[in-house]
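**Student:** This is input-v2.cif (mmCIF, C-alpha atoms).
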```cif
data_input
#
loop_
_atom_site.label_atom_id
_atom_site.label_comp_id
_atom_site.auth_asym_id
_atom_site.auth_seq_id
_atom_site.Cartn_x
_atom_site.Cartn_y
_atom_site.Cartn_z
CA GLY N 599 213.08 265.43 -113.05
CA ILE N 600 215.57 268.28 -113.14
CA LEU N 601 212.80 270.90 -113.05
CA THR N 602 211.19 269.18 -110.07
CA ALA N 603 214.53 269.08 -108.23
CA LEU N 604 215.03 272.80 -108.86
CA GLN N 605 211.54 273.59 -107.60
CA VAL N 606 212.11 271.55 -104.43
CA CYS N 607 215.41 273.39 -103.87
CA SER N 608 213.61 276.69 -104.34
CA VAL N 609 210.97 275.78 -101.75
CA LEU N 610 213.65 274.59 -99.30
CA SER N 611 215.66 277.78 -99.77
CA GLY N 612 212.62 280.02 -99.36
CA SER N 613 211.21 278.22 -96.31
CA GLY N 614 214.44 277.69 -94.39
CA LYS N 615 213.19 274.23 -93.40
CA LYS N 616 214.51 270.73 -93.98
CA LEU N 617 212.80 268.54 -96.56
CA SER N 618 211.65 266.19 -93.78
CA GLN N 619 209.86 269.13 -92.12
CA LEU N 620 207.89 269.94 -95.27
CA CYS N 621 206.52 266.46 -95.88
CA SER N 622 203.44 265.34 -93.99
CA ALA N 623 202.37 262.34 -96.07
CA GLU N 624 200.65 259.44 -94.30
CA LYS N 625 202.25 256.01 -94.68
CA TYR N 626 199.77 253.18 -95.18
CA GLN N 627 200.00 249.42 -95.45
CA GLN N 628 200.11 248.41 -99.12
CA VAL N 629 198.93 245.28 -100.94
CA ASN N 630 199.96 244.60 -104.54
CA ILE N 631 198.49 241.81 -106.68
CA ASN N 632 199.33 241.15 -110.33
CA ILE N 633 197.07 238.87 -112.33
CA ASN N 634 197.83 237.50 -115.79
CA ILE N 635 195.02 238.30 -118.24
CA LYS N 636 194.69 237.50 -121.94
CA ASP N 637 192.49 240.52 -122.73
CA LYS N 638 193.33 243.09 -120.08
CA PHE N 639 191.45 245.92 -121.80
CA MET N 640 188.22 243.92 -122.03
CA VAL N 641 188.45 243.23 -118.30
CA MET N 642 189.39 246.81 -117.39
CA ASN N 643 186.42 248.17 -119.38
CA ASN N 644 183.96 245.76 -117.78
CA GLU N 645 181.15 247.61 -115.99
CA TYR N 646 180.96 245.01 -113.20
CA LEU N 647 184.66 245.53 -112.38
CA GLN N 648 184.27 249.30 -112.42
CA ASN N 649 181.36 249.01 -109.96
CA VAL N 650 183.39 246.76 -107.63
CA ILE N 651 186.33 249.18 -107.73
CA GLU N 652 184.03 252.11 -106.93
CA LYS N 653 182.50 250.24 -103.97
CA CYS N 654 185.98 249.42 -102.69
CA LYS N 655 186.98 253.09 -102.89
CA GLN N 656 183.86 254.00 -100.93
CA THR N 657 184.76 251.37 -98.33
CA LEU N 658 188.17 252.97 -97.76
CA GLN N 659 187.06 256.59 -98.20
CA LYS N 660 189.82 258.81 -96.79
CA ASN N 661 191.51 255.94 -94.95
CA GLY N 662 193.15 254.43 -98.01
CA ARG N 663 193.51 254.22 -101.74
CA VAL N 664 192.71 251.82 -104.59
CA LEU N 665 194.50 251.69 -107.93
CA VAL N 666 193.65 249.10 -110.58
CA ARG N 667 195.37 249.38 -113.93
CA ALA N 668 196.41 247.38 -116.96
CA SER N 669 200.16 246.88 -117.23
CA GLY N 670 201.66 248.85 -120.07
CA THR N 671 204.23 246.18 -120.91
CA GLU N 672 202.77 242.82 -119.82
CA PRO N 673 199.45 240.97 -120.18
CA LYS N 674 198.58 241.74 -116.55
CA ILE N 675 196.23 243.77 -114.44
CA ARG N 676 197.83 245.35 -111.40
CA ILE N 677 195.84 245.84 -108.20
CA MET N 678 197.21 248.10 -105.48
CA THR N 679 195.40 248.95 -102.26
CA GLU N 680 196.60 251.04 -99.33
CA CYS N 681 194.97 251.36 -95.94
CA GLU N 682 195.81 252.07 -92.32
CA ASN N 683 194.79 248.49 -91.57
CA ILE N 684 196.51 245.71 -93.56
CA LYS N 685 193.52 243.36 -93.13
CA THR N 686 191.26 245.91 -94.80
CA ALA N 687 193.78 246.47 -97.61
CA ASN N 688 193.92 242.71 -98.21
CA MET N 689 190.13 242.38 -98.11
CA VAL N 690 189.65 245.14 -100.69
CA ALA N 691 192.39 243.80 -103.00
CA ASN N 692 190.90 240.31 -102.85
CA LYS N 693 187.40 241.60 -103.68
CA ILE N 694 188.81 243.16 -106.83
CA LEU N 695 190.79 240.00 -107.65
CA LEU N 696 187.64 237.87 -107.29
CA ALA N 697 185.73 240.26 -109.57
CA ILE N 698 188.45 239.94 -112.23
CA LYS N 699 188.40 236.14 -111.95
CA LYS N 700 184.61 236.16 -112.27
CA ILE N 701 184.83 238.26 -115.44
CA THR N 702 187.52 236.06 -117.02
CA GLU N 703 185.47 232.96 -116.26
CA SER N 704 182.62 234.63 -118.20
CA LYS N 705 180.30 234.69 -115.22
CA VAL N 706 179.66 238.43 -115.54
#
```
Show the structure stored in the file as structure tokens.

**Tutor:**
Amino acid sequence: GILTALQVCSVLSGSGKKLSQLCSAEKYQQVNININIKDKFMVMNNEYLQNVIEKCKQTLQKNGRVLVRASGTEPKIRIMTECENIKTANMVANKILLAIKKITESKV
């Protein structure tokens, strides 16, 4: 953290600009879903889930982001989607949620 702060200060000093002038990140609508899972690693390593996640990423392309990960501290899988359009972000997150439910119900 300290090294990062020093590097940011160095960039600010060298550019003569404000921090707000250097940042051009897009802000997207975000959907977060946490689902309790007994065997989160079995689900995360499931090929069907990986295929669904990949299709969802292709759906969003450069207009959003998908992150699905096992919690490091809880028996949960965390789904996060971002998109310019909140309806699309919800649709993608729910597709992934349904895939996880399908896997845990041993239908895949």

**Student:** When distances are computed from all atoms listed in the file, which of N:Lys660, N:Glu682, N:Val641, N:Arg676 shows the smallest separation from Ser704 in chain N?

**Tutor:**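 Among N:Lys660, N:Glu682, N:Val641, N:Arg676, it is N:Val641 that comes nearest to Ser704 in chain N.
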
**Student:** Neighbours of range 611-627 of chain N within 10 Å (only C-alpha atoms; same-chain residues fewer than 3 positions away dropped), as a PDB file with C-alpha atoms, in the coordinates of the input?

**Tutor:**
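This is the output file selection-v5.pdb:
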```pdb
ATOM      1  CA  GLN N 605     211.540 273.590-107.600  1.00  0.00           C
ATOM      2  CA  VAL N 606     212.110 271.550-104.430  1.00  0.00           C
ATOM      3  CA  CYS N 607     215.410 273.390-103.870  1.00  0.00           C
ATOM      4  CA  SER N 608     213.610 276.690-104.340  1.00  0.00           C
ATOM      5  CA  ASN N 661     191.510 255.940 -94.950  1.00  0.00           C
ATOM      6  CA  GLY N 662     193.150 254.430 -98.010  1.00  0.00           C
ATOM      7  CA  ARG N 663     193.510 254.220-101.740  1.00  0.00           C
ATOM      8  CA  THR N 679     195.400 248.950-102.260  1.00  0.00           C
ATOM      9  CA  GLU N 680     196.600 251.040 -99.330  1.00  0.00           C
ATOM     10  CA  CYS N 681     194.970 251.360 -95.940  1.00  0.00           C
ATOM     11  CA  GLU N 682     195.810 252.070 -92.320  1.00  0.00           C
ATOM     12  CA  ASN N 683     194.790 248.490 -91.570  1.00  0.00           C
ATOM     13  CA  ILE N 684     196.510 245.710 -93.560  1.00  0.00           C
ATOM     14  CA  LYS N 685     193.520 243.360 -93.130  1.00  0.00           C
ATOM     15  CA  THR N 686     191.260 245.910 -94.800  1.00  0.00           C
ATOM     16  CA  ALA N 687     193.780 246.470 -97.610  1.00  0.00           C
ATOM     17  CA  ASN N 688     193.920 242.710 -98.210  1.00  0.00           C
TER      18      ASN N 688
END
```

**Student:** Please determine, counting all atoms listed in the file, which residue among N:Ala668, N:Ala697, N:Met678, N:Met689 has the shortest atom-to-atom distance to Asn630 in chain N.

**Tutor:**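 Under the stated criterion, the closest residue is N:Met678.
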
**Student:** Return as a ChimeraX atom specification the set of residues that the PyMOL selection byres ((chain N and resi 648-654) around 8) yields on the displayed structure.

**Tutor:** /N:642-647,655-658,664,666,690,693-694,697

**Student:** So how many Å separate CA of Lys699 in chain N and CA of Gln628 in chain N, to one decimal?

**Tutor:** 21.3 Å

**Student:** Would you compute the distance between CA of Asp637 in chain N and CA of Asn692 in chain N? Give it in Å to one decimal.

**Tutor:**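 Separation of CA of Asp637 in chain N and CA of Asn692 in chain N: 19.9 Å.
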
**Student:** Output, as AutoDock Vina command-line options, the centre and edge lengths in Å (one decimal) of the axis-aligned box that contains all listed atoms of range 639-642 of chain N with 4 Å of margin on each side.

**Tutor:**
```
--center_x 189.8 --center_y 245.0 --center_z -119.7 --size_x 11.2 --size_y 11.6 --size_z 12.6
```

**Student:** Quick one: distance from CA of Lys674 in chain N to CA of Glu703 in chain N in Å, one decimal?

**Tutor:** 15.8 Å

**Student:** Please determine, counting all atoms listed in the file, which residue among N:Ala691, N:Leu696, N:Leu665, N:Ala603 has the shortest atom-to-atom distance to Ile631 in chain N.

**Tutor:** N:Ala691

**Student:** Rank nothing, just name the residue among N:Asn634, N:Gln659, N:Thr602, N:Thr702 nearest to Ile677 in chain N, using only C-alpha atoms.

**Tutor:**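 Using only C-alpha atoms, the shortest distance to Ile677 in chain N belongs to N:Asn634.
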